[in-house]
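Containing mmCIF, C-alpha atoms: input38.cif.
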data_upload
#
loop_
_atom_site.label_atom_id
_atom_site.label_comp_id
_atom_site.auth_asym_id
_atom_site.auth_seq_id
_atom_site.Cartn_x
_atom_site.Cartn_y
_atom_site.Cartn_z
CA MET A 11 12.96 -5.51 51.74
CA ASN A 12 12.05 -6.44 48.19
CA ARG A 13 11.19 -3.99 45.41
CA SER A 14 7.45 -4.54 45.81
CA ALA A 15 7.70 -3.48 49.45
CA SER A 16 9.56 -0.25 48.72
CA PRO A 17 7.61 2.95 49.38
CA PHE A 18 9.52 4.80 46.65
CA GLY A 19 8.29 4.96 43.07
CA GLY A 20 10.72 7.67 42.00
CA VAL A 21 14.22 8.91 42.75
CA VAL A 22 15.35 12.46 42.00
CA PHE A 23 19.05 13.30 41.82
CA ASP A 24 21.03 16.48 42.06
CA LEU A 25 23.81 16.54 39.43
CA ASP A 26 27.01 18.26 40.55
CA GLY A 27 28.56 16.58 43.57
CA THR A 28 25.93 13.83 43.54
CA LEU A 29 26.19 12.03 40.20
CA LEU A 30 28.90 14.15 38.61
CA ASP A 31 32.32 14.61 40.21
CA SER A 32 32.42 18.28 39.29
CA MET A 33 32.06 20.14 42.58
CA PRO A 34 35.79 20.89 43.01
CA LEU A 35 35.72 22.51 39.57
CA VAL A 36 32.58 24.52 40.39
CA LEU A 37 33.95 25.74 43.73
CA LYS A 38 37.36 26.63 42.32
CA GLY A 39 35.87 28.41 39.32
CA LEU A 40 33.41 30.54 41.27
CA ALA A 41 36.00 31.51 43.88
CA ARG A 42 38.48 32.45 41.16
CA VAL A 43 36.18 34.66 39.11
CA VAL A 44 34.84 36.75 42.01
CA ALA A 45 38.26 37.18 43.67
CA PRO A 46 39.22 40.26 41.59
CA TYR A 47 36.20 42.11 43.01
CA ARG A 48 36.06 40.98 46.66
CA PRO A 49 38.08 38.88 49.14
CA ARG A 50 38.38 35.36 47.72
CA PRO A 51 35.68 33.16 49.29
CA ASP A 52 36.50 29.80 50.78
CA ALA A 53 34.75 26.60 49.71
CA ARG A 54 32.20 26.80 52.52
CA GLU A 55 31.07 30.28 51.49
CA VAL A 56 30.80 29.27 47.85
CA MET A 57 28.77 26.17 48.78
CA ALA A 58 26.40 28.32 50.84
CA ASN A 59 25.72 30.49 47.80
CA LEU A 60 25.01 27.73 45.31
CA GLY A 61 21.50 27.22 43.97
CA GLY A 62 20.01 28.30 40.66
CA PRO A 63 21.83 29.19 37.46
CA SER A 64 25.44 30.37 37.41
CA GLU A 65 24.45 34.03 37.17
CA ALA A 66 22.49 33.81 40.43
CA CYS A 67 25.43 32.20 42.24
CA VAL A 68 27.86 34.83 40.98
CA ARG A 69 25.47 37.62 41.97
CA ARG A 70 25.10 36.29 45.51
CA LEU A 71 28.86 35.95 45.94
CA LEU A 72 29.39 39.52 44.71
CA GLY A 73 26.56 40.88 46.84
CA GLY A 74 24.89 42.75 44.00
CA GLU A 75 24.94 43.54 40.31
CA THR A 76 28.37 45.20 40.08
CA HIS A 77 30.83 43.10 38.03
CA VAL A 78 28.33 40.23 37.60
CA ALA A 79 28.61 40.25 33.81
CA GLU A 80 32.42 40.13 33.84
CA ALA A 81 32.60 37.45 36.52
CA LEU A 82 29.92 35.33 34.87
CA ALA A 83 31.68 35.46 31.50
CA ALA A 84 34.94 34.43 33.18
CA TYR A 85 33.20 31.56 34.99
CA LEU A 86 31.55 30.16 31.87
CA LYS A 87 34.88 30.38 30.05
CA PHE A 88 36.57 28.55 32.95
CA LEU A 89 33.97 25.77 32.83
CA ALA A 90 34.23 25.41 29.07
CA GLU A 91 38.00 25.04 29.34
CA HIS A 92 37.85 22.41 32.10
CA GLU A 93 34.46 20.67 31.78
CA ASP A 94 35.88 17.65 29.96
CA THR A 95 37.81 16.76 33.13
CA THR A 96 34.61 15.94 35.03
CA ARG A 97 33.30 12.38 35.24
CA LEU A 98 30.50 10.44 36.85
CA PHE A 99 31.27 9.19 40.33
CA PRO A 100 32.07 5.47 40.37
CA GLY A 101 28.85 3.50 40.66
CA ALA A 102 26.56 6.30 39.46
CA ARG A 103 25.84 4.77 36.07
CA GLU A 104 25.23 1.32 37.51
CA LEU A 105 22.77 2.71 40.06
CA VAL A 106 20.83 4.63 37.44
CA GLU A 107 20.68 1.59 35.17
CA ASP A 108 19.50 -0.68 37.98
CA LEU A 109 16.78 1.77 39.04
CA ARG A 110 15.54 2.06 35.45
CA ALA A 111 15.52 -1.71 35.04
CA ALA A 112 13.38 -1.98 38.18
CA GLY A 113 10.84 0.49 36.78
CA VAL A 114 11.72 3.33 39.15
CA LEU A 115 11.05 6.82 37.79
CA LEU A 116 14.21 8.93 37.54
CA GLY A 117 14.39 12.71 37.88
CA LEU A 118 17.06 15.38 37.90
CA TRP A 119 16.84 18.64 39.86
CA THR A 120 19.91 20.78 39.28
CA GLY A 121 21.00 24.38 39.51
CA ARG A 122 22.86 24.09 36.21
CA GLU A 123 21.41 25.85 33.19
CA ARG A 124 19.54 23.46 30.90
CA SER A 125 21.96 23.89 27.99
CA ALA A 126 24.94 23.07 30.20
CA THR A 127 23.09 20.16 31.80
CA GLU A 128 22.23 18.62 28.45
CA VAL A 129 25.81 18.98 27.21
CA ARG A 130 27.15 17.26 30.30
CA LEU A 131 24.56 14.46 30.21
CA ARG A 132 25.46 13.74 26.58
CA ALA A 133 29.14 13.71 27.48
CA VAL A 134 28.62 11.05 30.17
CA ALA A 135 26.07 9.07 28.12
CA LEU A 136 23.08 9.81 30.37
CA GLU A 137 21.06 11.80 27.85
CA GLY A 138 17.41 10.74 27.81
CA VAL A 139 17.72 8.73 31.03
CA PHE A 140 15.65 11.04 33.25
CA GLU A 141 11.88 11.07 32.81
CA ALA A 142 11.70 14.47 34.52
CA MET A 143 14.29 17.22 34.66
CA VAL A 144 14.21 20.70 36.19
CA CYS A 145 17.26 22.89 35.59
CA GLY A 146 18.43 26.17 37.08
CA ASP A 147 16.96 28.37 34.37
CA ASP A 148 13.67 26.52 33.87
CA LEU A 149 11.83 28.42 36.63
CA THR A 150 12.02 31.86 38.18
CA SER A 151 12.57 30.16 41.56
CA HIS A 152 15.78 28.33 42.46
CA LYS A 153 16.97 25.94 45.15
CA PRO A 154 16.27 25.93 48.06
CA ASP A 155 12.78 26.88 46.90
CA PRO A 156 11.08 23.48 46.50
CA GLU A 157 9.16 24.40 43.33
CA GLY A 158 11.49 22.44 41.05
CA LEU A 159 11.11 19.27 43.10
CA GLN A 160 7.38 19.81 43.40
CA ARG A 161 7.10 20.13 39.60
CA ILE A 162 8.64 16.69 39.26
CA LEU A 163 6.22 15.22 41.80
CA GLU A 164 3.31 16.75 39.89
CA GLN A 165 4.57 15.39 36.58
CA TRP A 166 4.85 11.91 38.06
CA ARG A 167 1.60 12.24 40.03
CA LEU A 168 3.39 10.90 43.08
CA ALA A 169 3.01 11.98 46.70
CA PRO A 170 6.13 13.39 48.44
CA GLU A 171 6.47 10.25 50.53
CA ALA A 172 6.76 8.15 47.35
CA VAL A 173 9.89 9.97 46.16
CA LEU A 174 13.49 9.93 47.39
CA PHE A 175 15.87 12.82 46.68
CA VAL A 176 19.67 12.52 46.59
CA GLY A 177 21.81 15.65 46.92
CA ASP A 178 24.81 17.18 48.60
CA SER A 179 24.20 20.84 49.50
CA ASP A 180 22.45 22.91 52.13
CA GLN A 181 20.07 24.07 49.40
CA ASP A 182 19.23 20.47 48.54
CA LEU A 183 18.40 19.75 52.17
CA GLU A 184 16.25 22.86 52.51
CA GLY A 185 14.38 22.09 49.30
CA ALA A 186 13.70 18.47 50.21
CA ARG A 187 12.48 19.45 53.67
CA ALA A 188 10.15 22.11 52.26
CA ALA A 189 8.74 19.62 49.74
CA GLY A 190 8.27 16.91 52.38
CA VAL A 191 10.54 14.52 50.47
CA ALA A 192 12.91 12.08 52.17
CA MET A 193 16.55 12.58 51.27
CA VAL A 194 19.93 10.92 51.12
CA ALA A 195 22.39 13.75 51.82
CA ILE A 196 26.10 13.51 50.96
CA HIS A 197 28.18 15.70 53.27
CA HIS A 198 31.59 15.33 51.57
CA ASP A 199 33.26 15.81 54.99
CA ARG A 200 31.37 19.05 55.59
CA THR A 201 29.02 19.79 58.50
CA PHE A 202 25.42 20.56 57.63
CA PRO A 203 23.51 22.99 59.89
CA PRO A 204 21.62 20.85 62.43
CA ASP A 205 18.30 22.54 61.68
CA LEU A 206 18.43 21.11 58.14
CA LEU A 207 18.51 17.57 59.48
CA ASP A 208 15.17 17.65 61.28
CA HIS A 209 13.26 15.70 58.64
CA SER A 210 13.71 12.32 57.00
CA VAL A 211 17.39 12.38 56.02
CA ALA A 212 19.98 9.63 55.63
CA LEU A 213 23.32 11.40 56.11
CA VAL A 214 26.32 9.81 54.35
CA ALA A 215 29.89 10.89 53.62
CA THR A 216 30.39 9.86 50.01
CA PRO A 217 28.45 9.28 46.79
CA ALA A 218 29.25 5.56 47.04
CA GLU A 219 27.53 5.43 50.44
CA ALA A 220 24.60 7.37 49.02
CA TYR A 221 24.19 4.91 46.15
CA ALA A 222 24.21 2.03 48.64
CA ALA A 223 21.55 3.78 50.72
CA VAL A 224 19.37 4.30 47.63
CA ARG A 225 19.72 0.64 46.63
CA ALA A 226 18.72 -0.46 50.12
CA ALA A 227 15.73 1.90 50.35
CA VAL A 228 14.39 1.53 46.82
CA LEU A 229 15.58 -1.83 45.54
CA GLY A 230 15.90 -3.69 48.81
CA ARG A 231 19.56 -4.56 48.26
CA THR A 232 23.02 -3.04 48.57
#
Would you mind writing the file's structure down as structure tokens?
Amino acid sequence: MNRSASPFGGVVFDLDGTLLDSMPLVLKGLARVVAPYRPRPDAREVMANLGGPSEACVRRLLGGETHVAEALAAYLKFLAEHEDTTRLFPGARELVEDLRAAGVLLGLWTGRERSATEVRLRAVALEGVFEAMVCGDDLTSHKPDPEGLQRILEQWRLAPEAVLFVGDSDQDLEGARAAGVAMVAIHHDRTFPPDLLDHSVALVATPAEAYAAVRAAVLGRT
């Protein structure tokens, strides 16, 4: 396949766990800050409660409003103290640069708050790279609600079948399915619920495999 034959005019990425090697930090931080108020959740439970801004994730893990403010403050402090340890996955920058050079539209759909997203993008020199960006506090809806992804499609004036989404969570899969957008899903050695794999999904184990799949589908090369 050459670029002219590709059906995809745009690629939308999730951030944490997809481009940014930050998911261990996110999982550890959320588990740590809710542990004083409930049994400490394992990584699977934390993953299942991701989606939207940090406050929403903390609230879901606590099962209500009690202690949300304290846990959220502790989580944001934890991130601020450790955020500089996170890096782009190997190959992420090269993929983004190659897609841009080929004229592919680039989008970002993340549960991170916009302020935190912009800080992290500046830190990894990806500020201004994405033509469209929807963050966790931009809308009243959050992943897996597809509204954020649909907003990007509307901005680009592209049909769902002309866009590829790359993510790594159950919420990403649900959102892509609801929006009718094909997806490259990174499982990171986890098992996704089978009912989330009933649409156009390329399932891969690692970000490197995901980047190769995107190159093949969009650029016609590995």
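Using all atoms listed in the file, the shortest contact distance between Leu72 in chain A and any of A:Ala53, A:Thr95, A:Leu86, A:Val43 is found at A:Val43.
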Might you spell out which residues the PyMOL selection byres ((chain A and resi 94) around 12) would select in the displayed file, as a PyMOL selection string? chain A and resi 30-32+35+88-93+95-98+129-134
Explicit residues for the PyMOL selection byres ((chain A and resi 26) around 9) (as a list in words): Asp24, Leu25, Gly27, Thr28, Leu29, Leu30, Asp31, Ser32, Met33, Val36, Thr120, Gly121, Arg122, Gly177 and Asp178 of chain A
Tell me which residues the PyMOL selection byres ((chain A and resi 171) around 10) grabs here, as an NGL selection string. :A and (17-20 or 168-170 or 172-174 or 189-192 or 210)
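Across the model, the gap from CA of Pro156 in chain A to CA of Asp108 in chain A is 27.0 Å.
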